[in-house]
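Chemist: Pasting model.cif below, which is mmCIF, N, CA, C and O atoms and all ligand atoms.
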```
data_final
#
loop_
_atom_site.label_atom_id
_atom_site.label_comp_id
_atom_site.auth_asym_id
_atom_site.auth_seq_id
_atom_site.Cartn_x
_atom_site.Cartn_y
_atom_site.Cartn_z
N MET A 1 88.59 133.49 69.66
CA MET A 1 90.01 133.15 69.63
C MET A 1 90.66 133.46 70.98
O MET A 1 91.29 132.60 71.60
N LEU A 2 90.46 134.70 71.42
CA LEU A 2 91.07 135.09 72.69
C LEU A 2 90.56 134.18 73.82
O LEU A 2 91.31 133.70 74.65
N ARG A 3 89.26 133.95 73.73
CA ARG A 3 88.68 133.12 74.78
C ARG A 3 89.31 131.73 74.77
O ARG A 3 89.60 131.15 75.81
N ARG A 4 89.51 131.24 73.58
CA ARG A 4 90.11 129.91 73.45
C ARG A 4 91.54 129.88 74.02
O ARG A 4 91.93 128.95 74.71
N MET A 5 92.32 130.94 73.72
CA MET A 5 93.70 131.00 74.24
C MET A 5 93.69 131.05 75.77
O MET A 5 94.49 130.42 76.44
N LEU A 6 92.77 131.83 76.28
CA LEU A 6 92.67 131.97 77.73
C LEU A 6 92.37 130.61 78.35
O LEU A 6 92.98 130.20 79.34
N PHE A 7 91.44 129.91 77.71
CA PHE A 7 91.07 128.59 78.23
C PHE A 7 92.29 127.66 78.22
O PHE A 7 92.57 127.00 79.22
N SER A 8 93.04 127.65 77.13
CA SER A 8 94.22 126.79 77.06
C SER A 8 95.20 127.16 78.15
O SER A 8 95.81 126.30 78.78
N ALA A 9 95.38 128.45 78.37
CA ALA A 9 96.33 128.89 79.39
C ALA A 9 95.92 128.35 80.76
O ALA A 9 96.76 127.89 81.54
N ILE A 10 94.62 128.39 81.03
CA ILE A 10 94.16 127.90 82.34
C ILE A 10 94.42 126.40 82.46
O ILE A 10 94.90 125.91 83.48
N VAL A 11 94.15 125.67 81.40
CA VAL A 11 94.36 124.22 81.43
C VAL A 11 95.84 123.92 81.67
O VAL A 11 96.19 123.08 82.48
N VAL A 12 96.71 124.64 80.97
CA VAL A 12 98.15 124.41 81.12
C VAL A 12 98.58 124.67 82.57
O VAL A 12 99.30 123.89 83.17
N CYS A 13 98.10 125.76 83.13
CA CYS A 13 98.47 126.07 84.52
C CYS A 13 98.02 124.97 85.46
O CYS A 13 98.76 124.56 86.35
N ALA A 14 96.81 124.49 85.26
CA ALA A 14 96.28 123.46 86.16
C ALA A 14 97.14 122.21 86.05
O ALA A 14 97.48 121.58 87.05
N ALA A 15 97.53 121.86 84.83
CA ALA A 15 98.32 120.65 84.64
C ALA A 15 99.72 120.81 85.22
O ALA A 15 100.33 119.85 85.65
N ALA A 16 100.22 122.06 85.24
CA ALA A 16 101.58 122.28 85.70
C ALA A 16 101.67 122.34 87.23
O ALA A 16 102.75 122.28 87.79
N ALA A 17 100.52 122.46 87.90
CA ALA A 17 100.56 122.53 89.36
C ALA A 17 101.17 121.23 89.89
O ALA A 17 100.80 120.15 89.45
N PRO A 18 102.13 121.34 90.79
CA PRO A 18 102.82 120.13 91.26
C PRO A 18 101.84 119.18 91.92
O PRO A 18 100.96 119.60 92.66
N SER A 19 102.02 117.88 91.69
CA SER A 19 101.07 116.92 92.22
C SER A 19 101.20 116.82 93.73
O SER A 19 100.30 116.35 94.40
N TRP A 20 102.33 117.29 94.28
CA TRP A 20 102.49 117.19 95.73
C TRP A 20 101.96 118.42 96.47
O TRP A 20 102.13 118.54 97.66
N ALA A 21 101.34 119.36 95.73
CA ALA A 21 100.83 120.56 96.39
C ALA A 21 99.93 120.16 97.56
O ALA A 21 99.07 119.30 97.43
N GLY A 22 100.13 120.78 98.69
CA GLY A 22 99.31 120.49 99.85
C GLY A 22 99.82 119.33 100.68
O GLY A 22 99.37 119.10 101.78
N GLU A 23 100.78 118.59 100.15
CA GLU A 23 101.38 117.53 100.94
C GLU A 23 102.80 117.94 101.34
O GLU A 23 103.37 118.84 100.75
N GLY A 24 103.36 117.24 102.30
CA GLY A 24 104.70 117.59 102.73
C GLY A 24 105.76 117.13 101.76
O GLY A 24 105.52 116.29 100.91
N ASP A 25 106.92 117.71 101.92
CA ASP A 25 108.07 117.38 101.08
C ASP A 25 109.10 116.66 101.96
O ASP A 25 109.58 117.22 102.95
N VAL A 26 109.42 115.44 101.60
CA VAL A 26 110.27 114.60 102.45
C VAL A 26 111.66 115.23 102.65
O VAL A 26 112.20 115.23 103.77
N GLN A 27 112.21 115.79 101.58
CA GLN A 27 113.56 116.37 101.68
C GLN A 27 113.58 117.57 102.61
O GLN A 27 114.45 117.69 103.46
N ARG A 28 112.60 118.46 102.43
CA ARG A 28 112.54 119.61 103.34
C ARG A 28 112.27 119.15 104.76
O ARG A 28 112.84 119.66 105.72
N GLY A 29 111.41 118.14 104.89
CA GLY A 29 111.11 117.59 106.22
C GLY A 29 112.38 117.09 106.90
O GLY A 29 112.58 117.28 108.09
N GLY A 30 113.25 116.46 106.10
CA GLY A 30 114.51 115.98 106.64
C GLY A 30 115.36 117.11 107.16
O GLY A 30 115.99 117.01 108.23
N ALA A 31 115.38 118.21 106.41
CA ALA A 31 116.18 119.36 106.83
C ALA A 31 115.62 119.98 108.10
O ALA A 31 116.36 120.30 109.04
N TYR A 32 114.29 120.12 108.16
CA TYR A 32 113.69 120.66 109.39
C TYR A 32 113.95 119.74 110.57
O TYR A 32 114.29 120.18 111.65
N ALA A 33 113.77 118.44 110.33
CA ALA A 33 113.93 117.48 111.42
C ALA A 33 115.36 117.52 111.96
O ALA A 33 115.58 117.49 113.17
N LEU A 34 116.31 117.62 111.03
CA LEU A 34 117.70 117.68 111.45
C LEU A 34 117.94 118.93 112.29
O LEU A 34 118.60 118.89 113.34
N ALA A 35 117.39 120.04 111.86
CA ALA A 35 117.63 121.30 112.54
C ALA A 35 116.84 121.40 113.86
O ALA A 35 117.35 121.91 114.85
N MET A 36 115.60 120.91 113.88
CA MET A 36 114.71 121.21 115.00
C MET A 36 114.50 120.03 115.94
O MET A 36 114.09 120.23 117.09
N CYS A 37 114.71 118.82 115.48
CA CYS A 37 114.29 117.66 116.26
C CYS A 37 115.43 116.71 116.61
O CYS A 37 115.31 115.91 117.54
N SER A 38 116.52 116.77 115.85
CA SER A 38 117.52 115.70 115.97
C SER A 38 118.40 115.84 117.21
O SER A 38 119.19 114.94 117.49
N SER A 39 118.27 116.94 117.96
CA SER A 39 119.03 116.99 119.21
C SER A 39 118.46 115.99 120.20
O SER A 39 119.16 115.56 121.12
N CYS A 40 117.22 115.57 120.02
CA CYS A 40 116.62 114.56 120.91
C CYS A 40 116.24 113.28 120.17
O CYS A 40 116.39 112.19 120.71
N HIS A 41 115.65 113.42 118.96
CA HIS A 41 115.15 112.25 118.23
C HIS A 41 116.15 111.77 117.19
O HIS A 41 116.76 112.59 116.50
N SER A 42 116.23 110.46 117.01
CA SER A 42 116.85 109.94 115.81
C SER A 42 115.88 110.21 114.66
O SER A 42 114.71 109.85 114.75
N VAL A 43 116.35 110.88 113.61
CA VAL A 43 115.44 111.24 112.51
C VAL A 43 115.80 110.46 111.25
O VAL A 43 115.33 110.78 110.16
N ALA A 44 116.63 109.43 111.39
CA ALA A 44 117.11 108.69 110.22
C ALA A 44 116.35 107.38 110.04
O ALA A 44 115.67 106.91 110.95
N ALA A 45 116.51 106.80 108.87
CA ALA A 45 115.84 105.53 108.58
C ALA A 45 116.61 104.35 109.19
O ALA A 45 116.04 103.29 109.39
N ASP A 46 117.89 104.55 109.48
CA ASP A 46 118.67 103.43 110.01
C ASP A 46 118.39 103.22 111.50
O ASP A 46 117.49 103.84 112.06
N GLU A 47 119.16 102.39 112.13
CA GLU A 47 118.84 101.98 113.50
C GLU A 47 119.42 102.90 114.58
O GLU A 47 119.48 102.52 115.74
N THR A 48 119.87 104.07 114.20
CA THR A 48 120.48 104.98 115.16
C THR A 48 119.56 105.20 116.36
O THR A 48 118.37 105.45 116.20
N ALA A 49 120.13 105.15 117.56
CA ALA A 49 119.34 105.42 118.76
C ALA A 49 119.13 106.93 118.89
O ALA A 49 119.96 107.72 118.43
N SER A 50 118.05 107.34 119.53
CA SER A 50 117.82 108.77 119.76
C SER A 50 118.83 109.29 120.77
O SER A 50 119.14 108.60 121.75
N PRO A 51 119.32 110.52 120.58
CA PRO A 51 120.21 111.12 121.58
C PRO A 51 119.54 111.20 122.95
O PRO A 51 120.20 111.01 123.97
N ASN A 52 118.24 111.49 122.95
CA ASN A 52 117.48 111.50 124.21
C ASN A 52 116.66 110.21 124.24
O ASN A 52 115.74 110.03 123.45
N PRO A 53 117.00 109.28 125.14
CA PRO A 53 116.34 107.96 125.12
C PRO A 53 114.83 108.03 125.32
O PRO A 53 114.13 107.11 124.93
N ALA A 54 114.33 109.13 125.89
CA ALA A 54 112.89 109.25 126.09
C ALA A 54 112.18 109.65 124.79
O ALA A 54 110.96 109.56 124.69
N ALA A 55 112.93 110.11 123.81
CA ALA A 55 112.34 110.58 122.55
C ALA A 55 112.43 109.46 121.51
O ALA A 55 113.51 109.04 121.13
N LYS A 56 111.27 109.00 121.04
CA LYS A 56 111.23 107.90 120.07
C LYS A 56 111.99 108.25 118.81
O LYS A 56 111.87 109.38 118.33
N PRO A 57 112.68 107.29 118.22
CA PRO A 57 113.20 107.53 116.86
C PRO A 57 112.02 107.80 115.92
O PRO A 57 110.97 107.17 116.07
N PHE A 58 112.20 108.71 114.97
CA PHE A 58 111.09 109.04 114.08
C PHE A 58 110.61 107.84 113.28
O PHE A 58 109.46 107.77 112.90
N ARG A 59 111.52 106.88 113.04
CA ARG A 59 111.07 105.72 112.25
C ARG A 59 110.05 104.87 113.01
O ARG A 59 109.35 104.07 112.41
N SER A 60 109.95 105.04 114.35
CA SER A 60 108.91 104.28 115.07
C SER A 60 107.70 105.13 115.43
O SER A 60 106.80 104.64 116.12
N VAL A 61 107.67 106.39 115.01
CA VAL A 61 106.51 107.22 115.31
C VAL A 61 105.38 106.86 114.36
O VAL A 61 105.58 106.70 113.16
N LYS A 62 104.16 106.70 114.92
CA LYS A 62 102.99 106.45 114.08
C LYS A 62 102.14 107.71 114.07
O LYS A 62 101.56 108.09 115.08
N LEU A 63 102.07 108.33 112.89
CA LEU A 63 101.36 109.61 112.79
C LEU A 63 99.91 109.47 113.20
O LEU A 63 99.33 110.37 113.80
N ALA A 64 99.32 108.31 112.91
CA ALA A 64 97.90 108.10 113.21
C ALA A 64 97.64 108.11 114.72
O ALA A 64 96.51 108.32 115.16
N ASP A 65 98.69 107.90 115.52
CA ASP A 65 98.51 107.89 116.98
C ASP A 65 98.52 109.29 117.58
O ASP A 65 98.34 109.45 118.78
N LEU A 66 98.80 110.30 116.76
CA LEU A 66 98.88 111.66 117.29
C LEU A 66 97.56 112.37 117.05
O LEU A 66 97.24 112.72 115.92
N PRO A 67 96.79 112.60 118.10
CA PRO A 67 95.47 113.21 117.92
C PRO A 67 95.61 114.57 117.26
O PRO A 67 96.41 115.40 117.68
N GLY A 68 94.85 114.81 116.19
CA GLY A 68 94.88 116.09 115.50
C GLY A 68 96.02 116.22 114.51
O GLY A 68 96.14 117.24 113.84
N GLY A 69 96.89 115.24 114.43
CA GLY A 69 98.00 115.30 113.49
C GLY A 69 99.26 115.83 114.16
O GLY A 69 99.25 116.27 115.30
N LEU A 70 100.34 115.77 113.42
CA LEU A 70 101.66 116.09 113.99
C LEU A 70 101.76 117.53 114.50
O LEU A 70 102.21 117.76 115.62
N VAL A 71 101.30 118.50 113.70
CA VAL A 71 101.49 119.90 114.09
C VAL A 71 100.68 120.22 115.35
O VAL A 71 101.20 120.77 116.32
N ALA A 72 99.39 119.82 115.32
CA ALA A 72 98.53 120.11 116.46
C ALA A 72 99.08 119.45 117.72
O ALA A 72 99.15 120.06 118.79
N TRP A 73 99.50 118.21 117.57
CA TRP A 73 100.02 117.49 118.74
C TRP A 73 101.30 118.14 119.24
O TRP A 73 101.48 118.37 120.43
N PHE A 74 102.19 118.43 118.32
CA PHE A 74 103.47 119.02 118.71
C PHE A 74 103.24 120.34 119.44
O PHE A 74 103.90 120.62 120.45
N ASN A 75 102.33 121.14 118.91
CA ASN A 75 102.13 122.47 119.47
C ASN A 75 101.25 122.50 120.71
O ASN A 75 100.98 123.56 121.27
N THR A 76 100.80 121.32 121.17
CA THR A 76 100.06 121.30 122.43
C THR A 76 100.72 120.38 123.46
O THR A 76 101.02 120.79 124.56
N ASP A 77 100.99 119.13 123.06
CA ASP A 77 101.40 118.12 124.04
C ASP A 77 102.89 117.85 124.09
O ASP A 77 103.36 117.17 125.00
N HIS A 78 103.65 118.27 123.09
CA HIS A 78 105.07 117.91 123.06
C HIS A 78 105.81 118.58 124.22
O HIS A 78 105.64 119.77 124.45
N PRO A 79 106.66 117.82 124.93
CA PRO A 79 107.39 118.40 126.06
C PRO A 79 108.59 119.23 125.63
O PRO A 79 109.26 118.89 124.66
N ASN A 80 108.85 120.29 126.35
CA ASN A 80 110.14 121.01 126.32
C ASN A 80 110.59 121.63 125.01
O ASN A 80 111.77 121.83 124.81
N THR A 81 109.69 121.92 124.11
CA THR A 81 110.16 122.50 122.84
C THR A 81 109.47 123.80 122.48
O THR A 81 109.88 124.47 121.55
N GLY A 82 108.42 124.17 123.19
CA GLY A 82 107.69 125.37 122.80
C GLY A 82 106.75 125.07 121.65
O GLY A 82 106.75 123.98 121.10
N ARG A 83 105.96 126.07 121.29
CA ARG A 83 104.92 125.90 120.25
C ARG A 83 105.46 126.44 118.94
O ARG A 83 104.95 127.42 118.41
N ILE A 84 106.51 125.80 118.45
CA ILE A 84 107.31 126.43 117.41
C ILE A 84 107.04 125.93 116.00
O ILE A 84 107.58 126.44 115.05
N LEU A 85 106.21 124.92 115.87
CA LEU A 85 106.09 124.29 114.56
C LEU A 85 105.02 124.96 113.71
O LEU A 85 103.87 125.08 114.12
N LYS A 86 105.40 125.40 112.50
CA LYS A 86 104.42 125.98 111.57
C LYS A 86 103.79 124.85 110.76
O LYS A 86 104.39 123.79 110.59
N ASP A 87 102.58 125.10 110.24
CA ASP A 87 101.86 124.05 109.51
C ASP A 87 102.70 123.45 108.40
O ASP A 87 102.79 122.24 108.26
N ALA A 88 103.33 124.31 107.59
CA ALA A 88 104.07 123.80 106.43
C ALA A 88 105.27 122.97 106.87
O ALA A 88 105.56 121.93 106.28
N GLN A 89 105.93 123.41 107.93
CA GLN A 89 107.07 122.63 108.44
C GLN A 89 106.57 121.27 108.93
O GLN A 89 107.19 120.24 108.67
N GLY A 90 105.44 121.30 109.64
CA GLY A 90 104.89 120.06 110.18
C GLY A 90 104.50 119.09 109.07
O GLY A 90 104.73 117.89 109.19
N GLU A 91 103.93 119.62 107.98
CA GLU A 91 103.57 118.74 106.85
C GLU A 91 104.81 118.09 106.27
O GLU A 91 104.79 116.92 105.90
N ASP A 92 105.88 118.87 106.17
CA ASP A 92 107.11 118.31 105.61
C ASP A 92 107.68 117.24 106.55
O ASP A 92 108.11 116.18 106.10
N ILE A 93 107.68 117.52 107.85
CA ILE A 93 108.22 116.54 108.79
C ILE A 93 107.33 115.29 108.81
O ILE A 93 107.82 114.18 108.88
N ALA A 94 106.01 115.51 108.71
CA ALA A 94 105.09 114.36 108.67
C ALA A 94 105.39 113.51 107.44
O ALA A 94 105.35 112.27 107.51
N ALA A 95 105.69 114.15 106.31
CA ALA A 95 106.03 113.39 105.10
C ALA A 95 107.30 112.57 105.34
O ALA A 95 107.39 111.42 104.92
N LEU A 96 108.25 113.18 106.03
CA LEU A 96 109.48 112.45 106.35
C LEU A 96 109.16 111.23 107.22
O LEU A 96 109.60 110.11 106.94
N VAL A 97 108.39 111.46 108.28
CA VAL A 97 108.05 110.36 109.21
C VAL A 97 107.34 109.24 108.45
O VAL A 97 107.65 108.06 108.61
N ALA A 98 106.39 109.63 107.58
CA ALA A 98 105.65 108.62 106.81
C ALA A 98 106.61 107.84 105.91
O ALA A 98 106.48 106.63 105.76
N SER A 99 107.58 108.52 105.33
CA SER A 99 108.51 107.83 104.43
C SER A 99 109.41 106.88 105.21
O SER A 99 109.77 105.82 104.71
N LEU A 100 109.76 107.22 106.43
CA LEU A 100 110.60 106.33 107.25
C LEU A 100 109.82 105.06 107.61
O LEU A 100 110.37 103.97 107.62
N ALA A 101 108.55 105.24 107.90
CA ALA A 101 107.72 104.11 108.32
C ALA A 101 107.57 103.09 107.21
O ALA A 101 107.36 101.92 107.47
N LYS A 102 107.68 103.52 105.95
CA LYS A 102 107.49 102.60 104.83
C LYS A 102 108.69 101.69 104.60
O LYS A 102 108.63 100.75 103.86
N GLN A 103 109.82 102.03 105.24
CA GLN A 103 111.03 101.30 104.89
C GLN A 103 111.17 100.01 105.68
O GLN A 103 110.56 99.83 106.68
C1 LIG A 201 114.35 118.70 123.75
C2 LIG A 201 114.22 117.36 123.18
C3 LIG A 201 113.26 117.19 122.02
C4 LIG A 201 113.21 117.87 120.84
C5 LIG A 201 114.12 118.98 120.36
C6 LIG A 201 112.10 117.29 120.09
N1 LIG A 201 111.51 116.30 120.81
FE1 LIG A 201 109.91 115.17 120.21
N2 LIG A 201 109.89 114.23 122.01
C7 LIG A 201 110.80 114.44 123.04
C8 LIG A 201 110.46 113.57 124.17
C9 LIG A 201 111.21 113.50 125.48
C10 LIG A 201 109.30 112.85 123.77
C11 LIG A 201 108.50 111.83 124.60
C12 LIG A 201 107.35 112.53 125.22
C13 LIG A 201 106.38 111.61 125.90
O1 LIG A 201 106.45 110.41 125.74
O2 LIG A 201 105.50 112.16 126.57
C14 LIG A 201 108.98 113.29 122.41
C15 LIG A 201 107.92 112.80 121.70
C16 LIG A 201 107.64 113.13 120.38
C17 LIG A 201 106.61 112.55 119.58
C18 LIG A 201 105.63 111.47 120.04
C19 LIG A 201 106.13 110.11 119.71
C20 LIG A 201 105.10 109.09 120.09
O3 LIG A 201 104.64 108.40 119.20
O4 LIG A 201 104.78 108.97 121.28
C21 LIG A 201 106.66 113.14 118.36
C22 LIG A 201 105.77 112.85 117.16
C23 LIG A 201 107.71 114.12 118.41
N3 LIG A 201 108.29 114.09 119.65
C24 LIG A 201 108.03 114.94 117.37
C25 LIG A 201 109.03 115.89 117.42
C26 LIG A 201 109.32 116.80 116.33
C27 LIG A 201 108.56 116.82 115.01
C28 LIG A 201 110.36 117.58 116.73
C29 LIG A 201 111.04 118.70 115.97
C30 LIG A 201 110.16 119.69 115.34
C31 LIG A 201 110.73 117.17 118.08
N4 LIG A 201 109.89 116.14 118.46
C32 LIG A 201 111.73 117.73 118.84
C33 LIG A 201 111.88 115.30 123.01
C34 LIG A 201 112.17 116.19 121.99
#
```
Output the file's structure as structure tokens, nothing else.
Modeler:
Amino acid sequence: MLRRMLFSAIVVCAAAAPSWAGEGDVQRGGAYALAMCSSCHSVAADETASPNPAAKPFRSVKLADLPGGLVAWFNTDHPNTGRILKDAQGEDIAALVASLAKQ
């Protein structure tokens, strides 16, 4: 009996795990992008130009073009920002960028 209850509990926990676990969250990505990136990049889905003309609007960024992914690229090759991006923040921002590209 106990064993059976334990088994059910494990199944319930597994089913309750959010399906987006391990992927970025678009809403949080938007908040990070606004706070950390929008002084130079347009981070919106509309046609807003970037404040810094040298910085691409996020809606035209292609994640596949960034060797090693967004976080690795940002923390090595990105100009003038320091190595400030944490993995989880980068996943969220990447989710945002991917969602903009779909529109
Ligand atoms: C101080 C201004 C500034 C800030 C802040 C900034 N960027 Fe940039 N970013 C640039 C510039 C300038 C470039 C163009 C660099 C180049 O072409 O070599 C760039 C390029 C990029 C690119 C490459 C685009 C491509 O496809 O070539 C990505 C991705 C990017 N930035 C992401 C970010 C993210 C994510 C943040 C916030 C966490 C951020 N940037 C914050 C100025 C900025």
Chemist: Could you put an axis-aligned box around every listed atom of ligand LIG 201 (chain A), padded by 8 Å on each side, and send me its centre and edge lengths in Å to one decimal, as JSON?
Modeler:
```
{"center_x": 109.5, "center_y": 114.0, "center_z": 120.8, "size_x": 25.7, "size_y": 27.3, "size_z": 27.6}
```
Chemist: At most 4.5 Å is the cut-off: for each residue in chain A with any atom that close to an atom of ligand LIG 201 (chain A), write down the nearest atom pair and the distance in Å rounded to one decimal, counting all atoms listed in the file, chain first then increasing number, as JSON lines.
Modeler:
```
{"residue": "A:Met36", "atom": "O", "partner": "A:LIG201", "partner_atom": "C5", "distance": 3.5}
{"residue": "A:Cys37", "atom": "CA", "partner": "A:LIG201", "partner_atom": "C29", "distance": 3.4}
{"residue": "A:Cys40", "atom": "CA", "partner": "A:LIG201", "partner_atom": "C2", "distance": 4.3}
{"residue": "A:Ala54", "atom": "O", "partner": "A:LIG201", "partner_atom": "C11", "distance": 3.3}
{"residue": "A:Ala55", "atom": "CA", "partner": "A:LIG201", "partner_atom": "C8", "distance": 3.9}
{"residue": "A:Val61", "atom": "CA", "partner": "A:LIG201", "partner_atom": "O3", "distance": 4.5}
{"residue": "A:Asn80", "atom": "O", "partner": "A:LIG201", "partner_atom": "C1", "distance": 4.2}
```
Chemist: The selected residues should be written to file as a PDB file, keeping the file's coordinate frame (atoms: N, CA, C and O atoms).
Modeler:
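Result went into out-v6.pdb, see below:
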```pdb
ATOM      1  N   MET A  36     115.600 120.910 113.880  1.00  0.00           N
ATOM      2  CA  MET A  36     114.710 121.210 115.000  1.00  0.00           C
ATOM      3  C   MET A  36     114.500 120.030 115.940  1.00  0.00           C
ATOM      4  O   MET A  36     114.090 120.230 117.090  1.00  0.00           O
ATOM      5  N   CYS A  37     114.710 118.820 115.480  1.00  0.00           N
ATOM      6  CA  CYS A  37     114.290 117.660 116.260  1.00  0.00           C
ATOM      7  C   CYS A  37     115.430 116.710 116.610  1.00  0.00           C
ATOM      8  O   CYS A  37     115.310 115.910 117.540  1.00  0.00           O
ATOM      9  N   CYS A  40     117.220 115.570 120.020  1.00  0.00           N
ATOM     10  CA  CYS A  40     116.620 114.560 120.910  1.00  0.00           C
ATOM     11  C   CYS A  40     116.240 113.280 120.170  1.00  0.00           C
ATOM     12  O   CYS A  40     116.390 112.190 120.710  1.00  0.00           O
ATOM     13  N   ALA A  54     114.330 109.130 125.890  1.00  0.00           N
ATOM     14  CA  ALA A  54     112.890 109.250 126.090  1.00  0.00           C
ATOM     15  C   ALA A  54     112.180 109.650 124.790  1.00  0.00           C
ATOM     16  O   ALA A  54     110.960 109.560 124.690  1.00  0.00           O
ATOM     17  N   ALA A  55     112.930 110.110 123.810  1.00  0.00           N
ATOM     18  CA  ALA A  55     112.340 110.580 122.550  1.00  0.00           C
ATOM     19  C   ALA A  55     112.430 109.460 121.510  1.00  0.00           C
ATOM     20  O   ALA A  55     113.510 109.040 121.130  1.00  0.00           O
ATOM     21  N   VAL A  61     107.670 106.390 115.010  1.00  0.00           N
ATOM     22  CA  VAL A  61     106.510 107.220 115.310  1.00  0.00           C
ATOM     23  C   VAL A  61     105.380 106.860 114.360  1.00  0.00           C
ATOM     24  O   VAL A  61     105.580 106.700 113.160  1.00  0.00           O
ATOM     25  N   ASN A  80     108.850 120.290 126.350  1.00  0.00           N
ATOM     26  CA  ASN A  80     110.140 121.010 126.320  1.00  0.00           C
ATOM     27  C   ASN A  80     110.590 121.630 125.010  1.00  0.00           C
ATOM     28  O   ASN A  80     111.770 121.830 124.810  1.00  0.00           O
TER      29      ASN A  80
END
```
Chemist: Residues within 7 Å of Ser39 in chain A, please, as a list in words. Count all atoms listed in the file; anything in the same chain fewer than 6 positions from it doesn't count.
Modeler: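 Residues near the query, excluding close chain neighbours: Ala33, Ser50, Pro51 and Asn52 of chain A.
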Chemist: Record the distance separating CA of Gly24 in chain A and CA of Ala94 in chain A, expressed in Å with one decimal.
Modeler: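 We find that CA of Gly24 in chain A and CA of Ala94 in chain A lie 6.8 Å from each other.
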Chemist: So what do you get for CA of Asp46 in chain A versus CA of Arg59 in chain A, distance-wise?
Modeler: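 Between CA of Asp46 in chain A and CA of Arg59 in chain A the gap works out to 8.2 Å.
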